[in-house]
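Right, one structure below, let's go through it.
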Amino acid sequence: MKDLFDWKRVEREVRVITPEFQVWKNGQLKTIVIYAKMCRGEMVRYIIKNRIERPEDLKSFTWEGFALDEERSMDEHLLFTLG
(Lines give C-alpha, C1' and ligand atoms only; values in the text may rest on other atoms or scores of the structure.)
Protein backbone atom coordinates (compact mmCIF):
# COMPACT_ATOMS: atom_id res chain seq x y z
CA MET A 1 0.00 0.00 0.00
CA LYS A 2 2.83 2.43 0.77
CA ASP A 3 3.99 2.11 -2.85
CA LEU A 4 0.81 3.88 -4.00
CA PHE A 5 1.76 7.19 -2.37
CA ASP A 6 4.74 9.50 -2.20
CA TRP A 7 5.10 8.93 1.57
CA LYS A 8 7.94 11.41 2.00
CA ARG A 9 5.67 14.13 0.62
CA VAL A 10 2.72 12.99 2.73
CA GLU A 11 4.88 13.07 5.87
CA ARG A 12 6.06 16.58 5.01
CA GLU A 13 2.53 17.88 4.57
CA VAL A 14 0.56 16.14 7.33
CA ARG A 15 1.23 14.54 10.67
CA VAL A 16 1.21 10.76 10.18
CA ILE A 17 0.35 8.63 13.21
CA THR A 18 1.20 4.94 12.91
CA PRO A 19 -0.69 2.62 15.25
CA GLU A 20 0.77 -0.83 15.81
CA PHE A 21 -0.93 -3.74 17.54
CA GLN A 22 1.13 -6.49 19.15
CA VAL A 23 0.62 -9.45 21.46
CA TRP A 24 2.97 -10.72 24.17
CA LYS A 25 4.00 -14.26 23.21
CA ASN A 26 6.84 -16.18 24.88
CA GLY A 27 8.09 -13.00 26.53
CA GLN A 28 8.28 -11.04 23.25
CA LEU A 29 5.97 -8.70 21.40
CA LYS A 30 4.69 -10.20 18.15
CA THR A 31 2.43 -8.85 15.45
CA ILE A 32 -0.40 -11.28 14.77
CA VAL A 33 -1.76 -10.23 11.39
CA ILE A 34 -5.41 -11.11 12.02
CA TYR A 35 -5.43 -9.18 15.31
CA ALA A 36 -3.68 -6.20 13.69
CA LYS A 37 -6.28 -6.07 10.90
CA MET A 38 -9.20 -6.32 13.30
CA CYS A 39 -7.71 -3.65 15.58
CA ARG A 40 -7.14 -1.26 12.68
CA GLY A 41 -10.77 -1.67 11.64
CA GLU A 42 -11.98 -1.10 15.18
CA MET A 43 -9.75 1.96 15.49
CA VAL A 44 -11.25 3.45 12.31
CA ARG A 45 -14.72 2.78 13.74
CA TYR A 46 -13.64 4.45 17.02
CA ILE A 47 -12.30 7.50 15.16
CA ILE A 48 -15.51 7.94 13.18
CA LYS A 49 -17.92 7.21 16.03
CA ASN A 50 -16.13 9.54 18.45
CA ARG A 51 -15.29 12.18 15.82
CA ILE A 52 -11.63 12.10 16.77
CA GLU A 53 -9.75 15.12 15.42
CA ARG A 54 -6.65 15.20 17.61
CA PRO A 55 -4.07 12.41 17.37
CA GLU A 56 -3.67 12.55 21.17
CA ASP A 57 -7.24 11.27 21.51
CA LEU A 58 -6.22 7.98 19.87
CA LYS A 59 -4.34 7.10 23.04
CA SER A 60 -7.61 6.27 24.82
CA PHE A 61 -8.52 3.59 22.25
CA THR A 62 -9.00 0.11 23.71
CA TRP A 63 -10.47 -3.03 22.18
CA GLU A 64 -10.68 -6.64 23.35
CA GLY A 65 -7.83 -6.10 25.83
CA PHE A 66 -5.58 -4.07 23.51
CA ALA A 67 -4.53 -0.80 25.11
CA LEU A 68 -1.83 1.80 24.61
CA ASP A 69 1.62 0.80 25.86
CA GLU A 70 2.82 4.24 26.90
CA GLU A 71 6.38 3.09 27.65
CA ARG A 72 6.92 1.78 24.12
CA SER A 73 4.93 4.43 22.24
CA MET A 74 6.26 7.63 20.73
CA ASP A 75 4.47 10.72 19.40
CA GLU A 76 3.98 9.40 15.86
CA HIS A 77 4.13 5.67 16.66
CA LEU A 78 1.48 4.35 19.03
CA LEU A 79 1.93 0.78 20.24
CA PHE A 80 -1.12 -1.04 21.53
CA THR A 81 -0.48 -4.35 23.27
CA LEU A 82 -2.49 -7.29 24.56
CA GLY A 83 -1.48 -9.35 27.53
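The way I read the labels, and the way they are meant: chains A, B, ... in the order of the C-alpha coordinates, residue 1 as the first residue of every chain, and ligand 1 as the first ligand shown, with later ones counted on from there.
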For this session: as a count of residues only, please: all residues of chain A that backbone DSSP puts in strand (DSSP E).
Result: 19
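Remark: for Met74 of chain A, the closest of the candidate residues A:Phe61, A:Glu11, A:Cys39, A:Pro55 is A:Pro55 (distances computed over only C-alpha atoms).
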For this session: Please measure the separation of atom CA of Trp7 of chain A and atom CA of Thr62 of chain A, giving the value in Å to one decimal.
Result: 27.7 Å
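Shortest separation to Tyr35 of chain A among A:Ser73, A:Arg12, A:Phe66, A:Phe5 occurs at residue A:Phe66, atoms counted being only C-alpha atoms.
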